[in-house]
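Visitor: Input file: run_7.cif. Contents: mmCIF, C-alpha atoms.
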```
data_run
#
loop_
_atom_site.label_atom_id
_atom_site.label_comp_id
_atom_site.auth_asym_id
_atom_site.auth_seq_id
_atom_site.Cartn_x
_atom_site.Cartn_y
_atom_site.Cartn_z
CA GLY A 1 23.88 -2.94 -16.76
CA ALA A 2 21.68 -5.70 -15.51
CA GLY A 3 19.65 -3.67 -13.04
CA VAL A 4 17.70 -0.43 -12.90
CA SER A 5 20.09 2.49 -12.96
CA GLN A 6 19.28 5.87 -11.43
CA THR A 7 21.26 9.09 -11.64
CA PRO A 8 22.25 11.11 -9.79
CA SER A 9 22.48 9.05 -6.62
CA ASN A 10 22.51 12.24 -4.59
CA LYS A 11 21.33 15.71 -5.48
CA VAL A 12 21.47 18.78 -3.26
CA THR A 13 19.72 21.87 -4.55
CA GLU A 14 18.34 25.14 -3.33
CA LYS A 15 14.71 25.96 -2.90
CA GLY A 16 13.20 27.19 -6.13
CA LYS A 17 15.63 25.38 -8.45
CA TYR A 18 14.79 22.90 -11.21
CA VAL A 19 15.83 19.25 -10.89
CA GLU A 20 15.92 16.29 -13.26
CA LEU A 21 16.25 12.69 -12.09
CA ARG A 22 17.00 9.95 -14.59
CA CYS A 23 16.03 6.29 -14.65
CA ASP A 24 17.35 3.62 -17.01
CA PRO A 25 15.18 0.48 -16.61
CA ILE A 26 16.07 -3.13 -17.19
CA SER A 27 16.25 -3.85 -20.90
CA GLY A 28 12.95 -5.21 -22.21
CA HIS A 29 10.85 -3.97 -19.32
CA THR A 30 7.94 -2.00 -20.73
CA ALA A 31 6.51 -0.88 -17.40
CA LEU A 32 8.32 1.85 -15.46
CA TYR A 33 7.34 3.36 -12.13
CA TRP A 34 8.39 6.34 -10.06
CA TYR A 35 7.94 6.32 -6.30
CA ARG A 36 9.02 8.73 -3.60
CA GLN A 37 10.07 7.57 -0.16
CA SER A 38 10.48 9.79 2.87
CA LEU A 39 12.28 8.67 6.01
CA GLY A 40 10.26 6.10 7.94
CA GLN A 41 7.60 5.86 5.25
CA GLY A 42 6.79 3.38 2.54
CA PRO A 43 7.24 4.20 -1.14
CA GLU A 44 4.59 6.66 -2.35
CA PHE A 45 3.38 6.09 -5.91
CA LEU A 46 3.95 8.98 -8.30
CA ILE A 47 3.53 7.81 -11.90
CA TYR A 48 3.51 4.66 -14.01
CA PHE A 49 4.48 4.32 -17.68
CA GLN A 50 3.52 1.53 -20.03
CA GLY A 51 5.79 2.04 -23.01
CA THR A 52 6.04 5.73 -23.86
CA GLY A 53 2.76 6.82 -22.33
CA ALA A 54 1.90 7.65 -18.76
CA ALA A 55 -0.71 5.04 -17.87
CA ASP A 56 -1.38 6.56 -14.46
CA ASP A 57 -0.03 9.88 -13.17
CA SER A 58 -2.51 10.22 -10.32
CA GLY A 59 0.26 10.17 -7.71
CA LEU A 60 2.06 13.28 -8.90
CA PRO A 61 1.55 15.73 -6.01
CA ASN A 62 1.12 18.89 -8.10
CA ASP A 63 1.96 20.47 -11.43
CA ARG A 64 5.56 21.11 -10.42
CA PHE A 65 6.20 17.42 -11.04
CA PHE A 66 6.38 15.98 -14.53
CA ALA A 67 7.85 12.81 -16.02
CA VAL A 68 8.61 11.67 -19.54
CA ARG A 69 9.66 8.49 -21.27
CA PRO A 70 9.95 9.54 -24.92
CA GLU A 71 11.36 6.34 -26.40
CA GLY A 72 9.86 3.82 -24.04
CA SER A 73 13.08 3.17 -22.18
CA VAL A 74 14.85 5.88 -20.16
CA SER A 75 12.59 8.10 -18.07
CA THR A 76 13.21 11.51 -16.55
CA LEU A 77 11.37 12.89 -13.54
CA LYS A 78 11.36 16.69 -13.59
CA ILE A 79 10.66 18.87 -10.58
CA GLN A 80 10.20 22.61 -11.02
CA ARG A 81 10.53 25.26 -8.31
CA THR A 82 11.69 22.74 -5.74
CA GLU A 83 10.47 23.06 -2.17
CA ARG A 84 11.99 21.72 1.04
CA GLY A 85 9.11 19.26 1.28
CA ASP A 86 10.28 17.63 -1.95
CA SER A 87 13.31 16.22 -0.11
CA ALA A 88 13.09 12.44 -0.28
CA VAL A 89 14.53 9.39 -2.01
CA TYR A 90 13.04 9.06 -5.48
CA LEU A 91 12.84 5.41 -6.49
CA CYS A 92 12.43 4.12 -9.99
CA ALA A 93 11.28 0.57 -10.70
CA SER A 94 10.67 -1.44 -13.83
CA SER A 95 8.71 -4.56 -14.58
CA PHE A 96 8.30 -6.90 -17.54
CA GLN A 97 4.65 -7.72 -16.91
CA GLY A 98 3.51 -4.83 -14.78
CA ALA A 99 3.18 -4.54 -11.04
CA SER A 100 -0.03 -6.50 -10.62
CA THR A 101 1.30 -9.74 -11.99
CA GLY A 102 5.03 -9.37 -11.88
CA GLU A 103 7.88 -8.27 -9.73
CA LEU A 104 9.00 -4.66 -9.51
CA PHE A 105 12.76 -4.23 -9.74
CA PHE A 106 13.90 -1.09 -7.98
CA GLY A 107 16.92 1.08 -8.60
CA GLU A 108 19.04 2.34 -5.73
CA GLY A 109 17.22 5.66 -5.76
CA SER A 110 18.11 9.31 -6.12
CA ARG A 111 18.31 11.13 -2.81
CA LEU A 112 17.10 14.70 -3.26
CA THR A 113 17.82 17.31 -0.62
CA VAL A 114 16.30 20.76 -1.03
CA LEU A 115 17.94 23.37 1.18
CA GLN B 1 -8.17 5.84 5.19
CA LYS B 2 -4.86 4.73 3.74
CA GLU B 3 -4.96 2.08 1.03
CA VAL B 4 -2.53 -0.16 2.92
CA GLU B 5 -1.95 -0.12 6.66
CA GLN B 6 0.79 -1.78 8.66
CA ASN B 7 1.97 -1.61 12.24
CA SER B 8 5.22 0.35 11.93
CA GLY B 9 6.79 -1.55 14.83
CA PRO B 10 9.54 -1.93 15.72
CA LEU B 11 9.05 -5.65 16.14
CA SER B 12 11.79 -7.54 17.94
CA VAL B 13 12.05 -11.32 18.05
CA PRO B 14 14.82 -13.62 19.27
CA GLU B 15 16.81 -15.63 16.77
CA GLY B 16 14.99 -18.85 15.85
CA ALA B 17 11.54 -17.51 16.71
CA ILE B 18 8.61 -16.88 14.37
CA ALA B 19 8.09 -13.29 13.27
CA SER B 20 4.53 -12.33 12.32
CA LEU B 21 3.89 -9.26 10.20
CA ASN B 22 0.41 -7.99 9.42
CA CYS B 23 -1.21 -5.75 6.84
CA THR B 24 -4.74 -4.59 6.03
CA TYR B 25 -5.95 -2.98 2.83
CA SER B 26 -8.97 -0.87 1.96
CA ASP B 27 -9.88 -1.75 -1.64
CA ARG B 28 -12.04 -4.87 -1.84
CA VAL B 29 -11.28 -5.41 -5.54
CA SER B 30 -7.51 -5.66 -5.07
CA GLN B 31 -6.23 -8.88 -6.58
CA SER B 32 -2.47 -8.91 -6.09
CA PHE B 33 -0.56 -8.76 -2.82
CA PHE B 34 3.15 -8.58 -2.21
CA TRP B 35 5.71 -8.46 0.56
CA TYR B 36 8.89 -6.52 -0.10
CA ARG B 37 11.93 -6.43 2.16
CA GLN B 38 13.99 -3.26 2.49
CA TYR B 39 17.34 -3.21 4.24
CA SER B 40 18.41 0.09 5.74
CA GLY B 41 19.67 2.41 3.02
CA LYS B 42 18.75 -0.03 0.25
CA SER B 43 15.88 -0.41 -2.18
CA PRO B 44 12.91 -2.74 -1.72
CA GLU B 45 13.16 -6.29 -3.06
CA LEU B 46 10.30 -8.71 -3.59
CA ILE B 47 10.17 -11.73 -1.28
CA MET B 48 6.60 -13.04 -1.66
CA SER B 49 3.56 -12.61 -3.85
CA ILE B 50 0.10 -14.03 -3.20
CA TYR B 51 -3.08 -13.83 -5.26
CA SER B 52 -5.49 -16.40 -3.75
CA ASN B 53 -6.99 -16.86 -0.32
CA GLY B 54 -5.00 -19.15 1.94
CA ASP B 55 -1.35 -19.76 2.59
CA LYS B 56 1.65 -19.71 0.29
CA GLU B 57 4.96 -21.04 1.53
CA ASP B 58 8.45 -20.34 0.21
CA GLY B 59 11.25 -21.63 2.37
CA ARG B 60 11.07 -19.96 5.77
CA PHE B 61 8.45 -17.49 4.56
CA THR B 62 4.68 -17.99 4.52
CA ALA B 63 2.25 -15.43 3.16
CA GLN B 64 -1.38 -15.61 4.23
CA LEU B 65 -4.28 -13.89 2.48
CA ASN B 66 -7.86 -13.42 3.65
CA LYS B 67 -9.77 -11.34 1.13
CA ALA B 68 -12.98 -11.35 3.16
CA SER B 69 -11.16 -9.68 6.02
CA GLN B 70 -8.90 -7.66 3.67
CA TYR B 71 -5.90 -8.95 5.55
CA VAL B 72 -2.47 -10.14 4.47
CA SER B 73 0.26 -11.48 6.72
CA LEU B 74 3.82 -12.71 6.47
CA LEU B 75 5.30 -15.30 8.79
CA ILE B 76 9.05 -15.78 9.00
CA ARG B 77 10.04 -19.05 10.65
CA ASP B 78 13.41 -19.65 12.30
CA SER B 79 14.16 -15.92 12.18
CA GLN B 80 17.77 -14.99 11.54
CA PRO B 81 19.64 -11.75 12.28
CA SER B 82 19.92 -11.31 8.50
CA ASP B 83 16.11 -11.01 8.40
CA SER B 84 16.38 -7.70 10.27
CA ALA B 85 14.90 -5.18 7.84
CA THR B 86 11.74 -3.23 7.09
CA TYR B 87 8.98 -5.32 5.53
CA LEU B 88 6.66 -3.51 3.15
CA CYS B 89 3.20 -4.77 2.27
CA ALA B 90 2.05 -3.79 -1.23
CA VAL B 91 -1.35 -4.10 -2.88
CA ASN B 92 -2.33 -3.47 -6.47
CA ALA B 93 -4.31 -0.31 -7.02
CA LYS B 94 -7.99 0.24 -7.43
CA GLY B 95 -9.82 -1.89 -9.94
CA GLY B 96 -6.84 -4.10 -10.58
CA ALA B 97 -4.80 -1.28 -12.05
CA ASN B 98 -1.20 -2.09 -12.78
CA ASN B 99 0.43 -0.09 -10.04
CA LEU B 100 1.06 -0.79 -6.38
CA PHE B 101 0.34 0.98 -3.15
CA PHE B 102 2.78 0.35 -0.33
CA GLY B 103 2.25 0.42 3.40
CA THR B 104 4.58 2.32 5.71
CA GLY B 105 6.46 -0.88 6.53
CA THR B 106 7.16 -2.82 9.72
CA ARG B 107 10.69 -2.69 11.05
CA LEU B 108 11.83 -6.12 12.24
CA THR B 109 14.85 -6.74 14.44
CA VAL B 110 16.01 -10.32 15.08
CA ILE B 111 18.08 -10.48 18.25
CA PRO B 112 20.96 -13.00 18.22
#
```
Would you mind writing the structure in this file as structure tokens?

Guide:
Amino acid sequence: GAGVSQTPSNKVTEKGKYVELRCDPISGHTALYWYRQSLGQGPEFLIYFQGTGAADDSGLPNDRFFAVRPEGSVSTLKIQRTERGDSAVYLCASSFQGASTGELFFGEGSRLTVL
Amino acid sequence: QKEVEQNSGPLSVPEGAIASLNCTYSDRVSQSFFWYRQYSGKSPELIMSIYSNGDKEDGRFTAQLNKASQYVSLLIRDSQPSDSATYLCAVNAKGGANNLFFGTGTRLTVIP
């Protein structure tokens, strides 16, 4: 497709379970970002990839969160031992030039609900 | 101190009026500044970018940047009901790094 694709659009899980969220960026975009947005808040930076490597993972809240981008395209955000506080919309964005000089194109998000 | 601060609003203006949205940031070395618009239940979309002190106009939108005061604003002229959304200020991260920090957003309602 032409835009950033995220799956699943909605995920309901139980506390303690493992979750994977997938992001398929716009073709040709080398920069990929994960943000998390809670109700009434702005997007909170989690991690940024340039190609296959994580250029900045300083926003990951703890070691339960991990993200990969093995071939420099699709990325997966992995959350272990989910907690109720992890409930949020997880937004993926991609950019051709990188956020500082170019536009971020966001996907529609994956809404995670931890019961 | 948060990297980017905005008044969360809500801000209500009548149709046809000027809406003024404000943002301050903490990192003096930030170089890139953006305004994103987010409709309820949708993802953010870029509406303005600004990199130099002064004003930048695009249609009904004007972004203003004052690096000395660490202040960015967005003016929307001739506000329309379709402008009703949350406006997010975003600033590139410390030392010019290639990621963005977002403010909490200002919710704007334009009253017909």

Visitor: When you get a sec, could you note down which chain B residues fall within 8 Å of chain A, using only C-alpha atoms, as a list in words?

Guide: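 Those within range of chain A come out as Gln31, Ser32, Lys42, Ser43, Pro44, Glu45, Leu46, Leu88, Asn92, Gly96, Ala97, Asn98, Asn99, Leu100, Phe101, Phe102, Gly103, Thr104 and Gly105 of chain B.
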
Visitor: Include C-alpha atoms and write out the residues we just selected as a PDB file, in the frame of the given file.

Guide:
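So the final result, stored in result32.pdb, reads:
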```
ATOM      1  CA  GLN B  31      -6.230  -8.880  -6.580  1.00  0.00           C
ATOM      2  CA  SER B  32      -2.470  -8.910  -6.090  1.00  0.00           C
ATOM      3  CA  LYS B  42      18.750  -0.030   0.250  1.00  0.00           C
ATOM      4  CA  SER B  43      15.880  -0.410  -2.180  1.00  0.00           C
ATOM      5  CA  PRO B  44      12.910  -2.740  -1.720  1.00  0.00           C
ATOM      6  CA  GLU B  45      13.160  -6.290  -3.060  1.00  0.00           C
ATOM      7  CA  LEU B  46      10.300  -8.710  -3.590  1.00  0.00           C
ATOM      8  CA  LEU B  88       6.660  -3.510   3.150  1.00  0.00           C
ATOM      9  CA  ASN B  92      -2.330  -3.470  -6.470  1.00  0.00           C
ATOM     10  CA  GLY B  96      -6.840  -4.100 -10.580  1.00  0.00           C
ATOM     11  CA  ALA B  97      -4.800  -1.280 -12.050  1.00  0.00           C
ATOM     12  CA  ASN B  98      -1.200  -2.090 -12.780  1.00  0.00           C
ATOM     13  CA  ASN B  99       0.430  -0.090 -10.040  1.00  0.00           C
ATOM     14  CA  LEU B 100       1.060  -0.790  -6.380  1.00  0.00           C
ATOM     15  CA  PHE B 101       0.340   0.980  -3.150  1.00  0.00           C
ATOM     16  CA  PHE B 102       2.780   0.350  -0.330  1.00  0.00           C
ATOM     17  CA  GLY B 103       2.250   0.420   3.400  1.00  0.00           C
ATOM     18  CA  THR B 104       4.580   2.320   5.710  1.00  0.00           C
ATOM     19  CA  GLY B 105       6.460  -0.880   6.530  1.00  0.00           C
TER      20      GLY B 105
END
```

Visitor: Set the distance at 9 Å and use all atoms listed in the file: which residues neighbour range 72-88 of chain A once local chain neighbours fewer than 5 positions away are removed? I'd like the list as a PDB file with C-alpha atoms, in the coordinates of the input.

Guide:
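Wrote it out as around.pdb, contents follow:
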```
ATOM      1  CA  THR A  13      19.720  21.870  -4.550  1.00  0.00           C
ATOM      2  CA  GLU A  14      18.340  25.140  -3.330  1.00  0.00           C
ATOM      3  CA  LYS A  15      14.710  25.960  -2.900  1.00  0.00           C
ATOM      4  CA  GLY A  16      13.200  27.190  -6.130  1.00  0.00           C
ATOM      5  CA  LYS A  17      15.630  25.380  -8.450  1.00  0.00           C
ATOM      6  CA  TYR A  18      14.790  22.900 -11.210  1.00  0.00           C
ATOM      7  CA  VAL A  19      15.830  19.250 -10.890  1.00  0.00           C
ATOM      8  CA  GLU A  20      15.920  16.290 -13.260  1.00  0.00           C
ATOM      9  CA  LEU A  21      16.250  12.690 -12.090  1.00  0.00           C
ATOM     10  CA  ARG A  22      17.000   9.950 -14.590  1.00  0.00           C
ATOM     11  CA  CYS A  23      16.030   6.290 -14.650  1.00  0.00           C
ATOM     12  CA  ASP A  24      17.350   3.620 -17.010  1.00  0.00           C
ATOM     13  CA  PRO A  25      15.180   0.480 -16.610  1.00  0.00           C
ATOM     14  CA  ILE A  26      16.070  -3.130 -17.190  1.00  0.00           C
ATOM     15  CA  SER A  27      16.250  -3.850 -20.900  1.00  0.00           C
ATOM     16  CA  GLY A  28      12.950  -5.210 -22.210  1.00  0.00           C
ATOM     17  CA  HIS A  29      10.850  -3.970 -19.320  1.00  0.00           C
ATOM     18  CA  THR A  30       7.940  -2.000 -20.730  1.00  0.00           C
ATOM     19  CA  ALA A  31       6.510  -0.880 -17.400  1.00  0.00           C
ATOM     20  CA  LEU A  32       8.320   1.850 -15.460  1.00  0.00           C
ATOM     21  CA  TRP A  34       8.390   6.340 -10.060  1.00  0.00           C
ATOM     22  CA  ARG A  36       9.020   8.730  -3.600  1.00  0.00           C
ATOM     23  CA  GLN A  37      10.070   7.570  -0.160  1.00  0.00           C
ATOM     24  CA  SER A  38      10.480   9.790   2.870  1.00  0.00           C
ATOM     25  CA  LEU A  39      12.280   8.670   6.010  1.00  0.00           C
ATOM     26  CA  PHE A  49       4.480   4.320 -17.680  1.00  0.00           C
ATOM     27  CA  GLN A  50       3.520   1.530 -20.030  1.00  0.00           C
ATOM     28  CA  GLY A  51       5.790   2.040 -23.010  1.00  0.00           C
ATOM     29  CA  THR A  52       6.040   5.730 -23.860  1.00  0.00           C
ATOM     30  CA  GLY A  53       2.760   6.820 -22.330  1.00  0.00           C
ATOM     31  CA  ASP A  63       1.960  20.470 -11.430  1.00  0.00           C
ATOM     32  CA  ARG A  64       5.560  21.110 -10.420  1.00  0.00           C
ATOM     33  CA  PHE A  65       6.200  17.420 -11.040  1.00  0.00           C
ATOM     34  CA  PHE A  66       6.380  15.980 -14.530  1.00  0.00           C
ATOM     35  CA  ALA A  67       7.850  12.810 -16.020  1.00  0.00           C
ATOM     36  CA  SER A 110      18.110   9.310  -6.120  1.00  0.00           C
ATOM     37  CA  ARG A 111      18.310  11.130  -2.810  1.00  0.00           C
ATOM     38  CA  LEU A 112      17.100  14.700  -3.260  1.00  0.00           C
ATOM     39  CA  THR A 113      17.820  17.310  -0.620  1.00  0.00           C
ATOM     40  CA  VAL A 114      16.300  20.760  -1.030  1.00  0.00           C
ATOM     41  CA  LEU A 115      17.940  23.370   1.180  1.00  0.00           C
TER      42      LEU A 115
END
```

Visitor: Would you compute the distance between CA of Ser9 in chain A and CA of Trp35 in chain B? Give it in Å to one decimal.

Guide: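 It comes out at 25.3 Å.
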
Visitor: What does the distance between CA of Ser8 in chain B and CA of Ser5 in chain A come to in Å, to one decimal place?

Guide: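 The value is 29.1 Å.
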
Visitor: I'd like the neighbourhood of range 67-72 of chain B as a VMD selection string, where a residue qualifies if any of its atoms comes within 12 Å (using all atoms listed in the file), though same-chain residues fewer than 5 positions away should be ignored.

Guide: chain B and resid 3 to 6 20 to 35 48 to 56 62 88 to 91 103

Visitor: How far is it from CA of Gly3 in chain A to CA of Ser40 in chain B, in Å with one decimal?

Guide: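 About the pair CA of Gly3 in chain A and CA of Ser40 in chain B: they are 19.2 Å apart.
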
Visitor: Padding 4 Å on each side, edges along x, y and z: where is the centre of the box around the listed atoms of range 5-24 of chain A, and how long are its edges in Å to one decimal? Output it as JSON.

Guide:
```
{"center_x": 17.9, "center_y": 14.8, "center_z": -10.0, "size_x": 17.3, "size_y": 32.7, "size_z": 22.1}
```

Visitor: Given all atoms listed in the file as the basis, pick out the residue of B:Asn7, B:Asn66, B:Ser12, B:Thr109 nearest to Ser82 in chain B.

Guide: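 Going through B:Asn7, B:Asn66, B:Ser12, B:Thr109 one by one, the smallest distance to Ser82 in chain B is for B:Thr109.
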
Visitor: Apply the PyMOL selection byres ((chain B and resi 16) around 7) to the structure shown and report the selected residues as a VMD selection string.

Guide: chain B and resid 14 to 15 17 to 18 78 to 80
